[in-house]
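Below you'll find the structure, written out as structure tokens, and then a few comments.
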Amino acid sequence: MTHVEDELNSQPECWARAADAAHRHGGALPEPGERVAVIGCGTSYFMAQAAAALREGAGLGETDAFAASEFPPTRRYDRVIALTRSGTTTEVLDLLAELRGQTRTIAITADPRTPVMTAADEAVVLDFADERSVVQTRFATSALTLLRAHLGLHTDTAVADARTALSTPLPEGLADCGQFTFLGRDWTVGLANEAALKMREAALAWTEAYPAMEYRHGPVSVTTRGTATWMIGEPPAGLAEQVCATGALWIEGRLDPLAELVRAQRLAVAVATRRGLDPDRPRHLTRSVILAP
């Protein structure tokens with residue numbers, strides 16, 4: 001078994017621990033009404049998208065998400081949350097240094113022995129969700145679970161659905177497809193982006209992601225036999241019928257959306273294995289992007 005398989009299989013237990021951590025570290029996390037930005041790079045950026053949409057959608061305050069390198073210097077926030085598994089990513093550390101003394105910052109990380117512990121004003125360490133694989137799975141979903149629990153949006157159903165996602169077979173023929181499109185709405189757009197990234201990283205697959213309502217505005221043109229369109233969350237009316245009419249395989253997620261992401265992680269590993277790739281060590285990638293000064 002690869003590291004990434006072992007790590008993605010541990011997610012139900014990690015989510016339970018992350019939800020408990022939310023109660024213990026609640027004082028460090030945003031309060032209702034605060035103006036908040038959530039930042040990250042790669043996978044962490046997509047989790048930031050999901051977390052920001054969840055918080056603002058719950059009516060708890062204006063919340064934005066940015067890639068750390070694209071944070072707008074003229075914006076002012078009450079608090080900035082940095083998601084960083086490694087705690088060493090250059091763009092995250094640079095931004096935290098710029099914000100020091102101006103904006104309250106908190107890092108959610110997996111490794112307490114890294115520079116982010118002093119770069120941020122406060123830190124929540126999810127060391128139980130750290131990973132040996134370059135490809136992120138359990139840290140990303142555990143960090144989002146922490147934030148969902150803090151917002152009062154995490155339930156035991158999500159954990160149960162994650163177990164279902166790990167124990168039931170993937171749809172027949174899915175791993176044979178040559179092109180994959182993931183769709184989301186509201187907070188699940190970030191999950192769709194992350195699912196597509198997993199397929200590109202681990203399996204070198206032709207994969208795209210879009211807000212579901214945008215899919216008809218051009219991207220549906222690549223959909224045909226041998227492609228798969230996977231909806232994470234509730235689909236717009238009529239979309240399933242339109243996709244099926246192209247001859248493509250339609251996958252409609254019926255589990256908790258975060259558990260659907262677990263299924264997509266499994267697909268990435270399955271396709272990588274079928275193609276003779278090592279999902280633990282994707283080509284051209286490292287655990288953390290550290291730029292030369």
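Residues in the structure tokens are numbered from 1 in each chain, the chains being A, B, ... in the order shown, and ligands are numbered from 1 in the order shown.
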
Item to check | Who sits within 9 Å of Pro112 of chain A, only C-alpha atoms, same chain under 2 positions skipped, as a ChimeraX atom specification | outcome: /A:87,109-110,114-117,123-127

Save out the residues we just selected, N, CA and C atoms, as a PDB file, in the first residue's frame.
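Result file follows (part-v4.pdb):
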ATOM      1  N   GLY A  87       4.242  24.135   6.651  1.00  0.00           N
ATOM      2  CA  GLY A  87       4.708  25.255   7.465  1.00  0.00           C
ATOM      3  C   GLY A  87       5.951  25.920   6.923  1.00  0.00           C
ATOM      4  N   THR A 109      -1.553  24.080  10.577  1.00  0.00           N
ATOM      5  CA  THR A 109      -0.431  23.359  10.005  1.00  0.00           C
ATOM      6  C   THR A 109      -0.362  21.951  10.573  1.00  0.00           C
ATOM      7  N   ALA A 110       0.528  21.141   9.973  1.00  0.00           N
ATOM      8  CA  ALA A 110       0.695  19.765  10.442  1.00  0.00           C
ATOM      9  C   ALA A 110       1.993  19.560  11.214  1.00  0.00           C
ATOM     10  N   THR A 114       8.259  23.982  12.372  1.00  0.00           N
ATOM     11  CA  THR A 114       8.539  24.731  11.154  1.00  0.00           C
ATOM     12  C   THR A 114       8.381  26.230  11.381  1.00  0.00           C
ATOM     13  N   PRO A 115       8.875  27.055  10.448  1.00  0.00           N
ATOM     14  CA  PRO A 115       8.873  28.506  10.643  1.00  0.00           C
ATOM     15  C   PRO A 115       7.503  29.143  10.815  1.00  0.00           C
ATOM     16  N   VAL A 116       6.454  28.508  10.324  1.00  0.00           N
ATOM     17  CA  VAL A 116       5.139  29.136  10.425  1.00  0.00           C
ATOM     18  C   VAL A 116       4.693  29.287  11.870  1.00  0.00           C
ATOM     19  N   MET A 117       5.251  28.512  12.775  1.00  0.00           N
ATOM     20  CA  MET A 117       4.854  28.585  14.174  1.00  0.00           C
ATOM     21  C   MET A 117       5.169  29.942  14.792  1.00  0.00           C
ATOM     22  N   ALA A 123      -1.231  29.442  16.245  1.00  0.00           N
ATOM     23  CA  ALA A 123      -1.204  28.266  15.380  1.00  0.00           C
ATOM     24  C   ALA A 123      -2.071  27.159  15.962  1.00  0.00           C
ATOM     25  N   VAL A 124      -2.701  26.415  15.068  1.00  0.00           N
ATOM     26  CA  VAL A 124      -3.388  25.173  15.414  1.00  0.00           C
ATOM     27  C   VAL A 124      -2.645  24.066  14.684  1.00  0.00           C
ATOM     28  N   VAL A 125      -2.147  23.101  15.427  1.00  0.00           N
ATOM     29  CA  VAL A 125      -1.339  22.028  14.851  1.00  0.00           C
ATOM     30  C   VAL A 125      -2.163  20.750  14.762  1.00  0.00           C
ATOM     31  N   LEU A 126      -2.331  20.255  13.550  1.00  0.00           N
ATOM     32  CA  LEU A 126      -3.012  18.978  13.313  1.00  0.00           C
ATOM     33  C   LEU A 126      -1.957  17.941  12.965  1.00  0.00           C
ATOM     34  N   ASP A 127      -1.066  17.653  13.924  1.00  0.00           N
ATOM     35  CA  ASP A 127       0.046  16.754  13.633  1.00  0.00           C
ATOM     36  C   ASP A 127      -0.415  15.330  13.345  1.00  0.00           C
TER      37      ASP A 127
END

Next on the checklist: as a list in words, please: the residues near Thr246 of chain A (cut-off 9 Å, only C-alpha atoms, same-chain neighbours under 3 positions excluded).
Outcome noted: Val220, Thr223, Thr224, Arg225, Glu241, Gln242, Val243 and Leu249 of chain A

Could you write out that same residue set with N, CA and C atoms as a PDB file, in the first residue's frame?
ATOM      1  N   VAL A 220     -18.642  22.026 -21.626  1.00  0.00           N
ATOM      2  CA  VAL A 220     -19.396  20.830 -21.976  1.00  0.00           C
ATOM      3  C   VAL A 220     -19.043  20.345 -23.379  1.00  0.00           C
ATOM      4  N   THR A 223     -17.126  17.105 -23.636  1.00  0.00           N
ATOM      5  CA  THR A 223     -17.749  15.945 -23.019  1.00  0.00           C
ATOM      6  C   THR A 223     -18.289  14.999 -24.080  1.00  0.00           C
ATOM      7  N   THR A 224     -17.882  13.734 -23.988  1.00  0.00           N
ATOM      8  CA  THR A 224     -18.316  12.736 -24.958  1.00  0.00           C
ATOM      9  C   THR A 224     -18.078  11.353 -24.372  1.00  0.00           C
ATOM     10  N   ARG A 225     -18.222  10.324 -25.163  1.00  0.00           N
ATOM     11  CA  ARG A 225     -17.956   8.968 -24.685  1.00  0.00           C
ATOM     12  C   ARG A 225     -16.498   8.869 -24.246  1.00  0.00           C
ATOM     13  N   GLU A 241     -29.116  15.271 -17.310  1.00  0.00           N
ATOM     14  CA  GLU A 241     -29.658  14.823 -18.585  1.00  0.00           C
ATOM     15  C   GLU A 241     -28.819  15.325 -19.752  1.00  0.00           C
ATOM     16  N   GLN A 242     -28.342  16.564 -19.656  1.00  0.00           N
ATOM     17  CA  GLN A 242     -27.528  17.119 -20.738  1.00  0.00           C
ATOM     18  C   GLN A 242     -26.214  16.369 -20.875  1.00  0.00           C
ATOM     19  N   VAL A 243     -25.584  16.039 -19.739  1.00  0.00           N
ATOM     20  CA  VAL A 243     -24.321  15.309 -19.790  1.00  0.00           C
ATOM     21  C   VAL A 243     -24.534  13.898 -20.329  1.00  0.00           C
ATOM     22  N   LEU A 249     -20.012   9.624 -18.961  1.00  0.00           N
ATOM     23  CA  LEU A 249     -20.401   9.006 -17.700  1.00  0.00           C
ATOM     24  C   LEU A 249     -20.701  10.113 -16.693  1.00  0.00           C
TER      25      LEU A 249
END

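Residues lying within 7 Å of Asp64 of chain A, counting only C-alpha atoms and ignoring same-chain neighbours fewer than 5 positions away, are Val36, Ala37, Val38 and Ala52 of chain A.
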
Serialized selection, N, CA and C atoms, as a PDB file, in the first residue's frame:
ATOM      1  N   VAL A  36     -12.682  38.252   7.347  1.00  0.00           N
ATOM      2  CA  VAL A  36     -11.645  37.218   7.377  1.00  0.00           C
ATOM      3  C   VAL A  36     -11.175  36.898   5.958  1.00  0.00           C
ATOM      4  N   ALA A  37      -9.886  36.595   5.839  1.00  0.00           N
ATOM      5  CA  ALA A  37      -9.333  36.029   4.608  1.00  0.00           C
ATOM      6  C   ALA A  37      -8.687  34.700   4.953  1.00  0.00           C
ATOM      7  N   VAL A  38      -8.855  33.732   4.080  1.00  0.00           N
ATOM      8  CA  VAL A  38      -8.224  32.419   4.229  1.00  0.00           C
ATOM      9  C   VAL A  38      -7.279  32.256   3.049  1.00  0.00           C
ATOM     10  N   ALA A  52     -14.042  29.621   3.013  1.00  0.00           N
ATOM     11  CA  ALA A  52     -14.544  30.993   2.904  1.00  0.00           C
ATOM     12  C   ALA A  52     -16.016  30.999   2.505  1.00  0.00           C
TER      13      ALA A  52
END

Checklist entry - Which polymer residues have any atom within 8 Å of an atom of Arg104 of chain A, counting only C-alpha atoms, with same-chain residues fewer than 5 positions away left out, as an MDAnalysis selection string? => result chainID A and resid 78:80 99 121

Item to check | Close residues, segment 266-274 of chain A itself excluded, 9 Å, only C-alpha atoms, min 6 positions apart in chain, as a PyMOL selection string | outcome: chain A and resi 4-5+8+165-166+170+174-176+195-196+198-205

Checklist outcome for this item: Counting only C-alpha atoms, closest pick from A:Ala162, A:Leu255, A:Ile108, A:Ala67 relative to Phe139 of chain A is A:Ile108

Item to check | Minimum-distance residue to Glu122 of chain A, chosen among A:His25, A:Arg185, A:Arg76, A:His217 (using only C-alpha atoms) | outcome: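 Answer, going by the shortest atom-to-atom distance: A:His25.
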
Checklist entry - Do you know which residues are at most 12 Å from Gly59 of chain A counting only C-alpha atoms, after dropping those on the same chain fewer than 5 positions away, and could you put them as number ranges by chain? => result A: 31-35, 52-54, 151-152

Item to check | Top pick for closest residue to Phe71 of chain A, considering A:Ala160, A:Leu153, A:Ala240, A:Ile39 and counting only C-alpha atoms | outcome: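 Closest candidate: A:Ile39.
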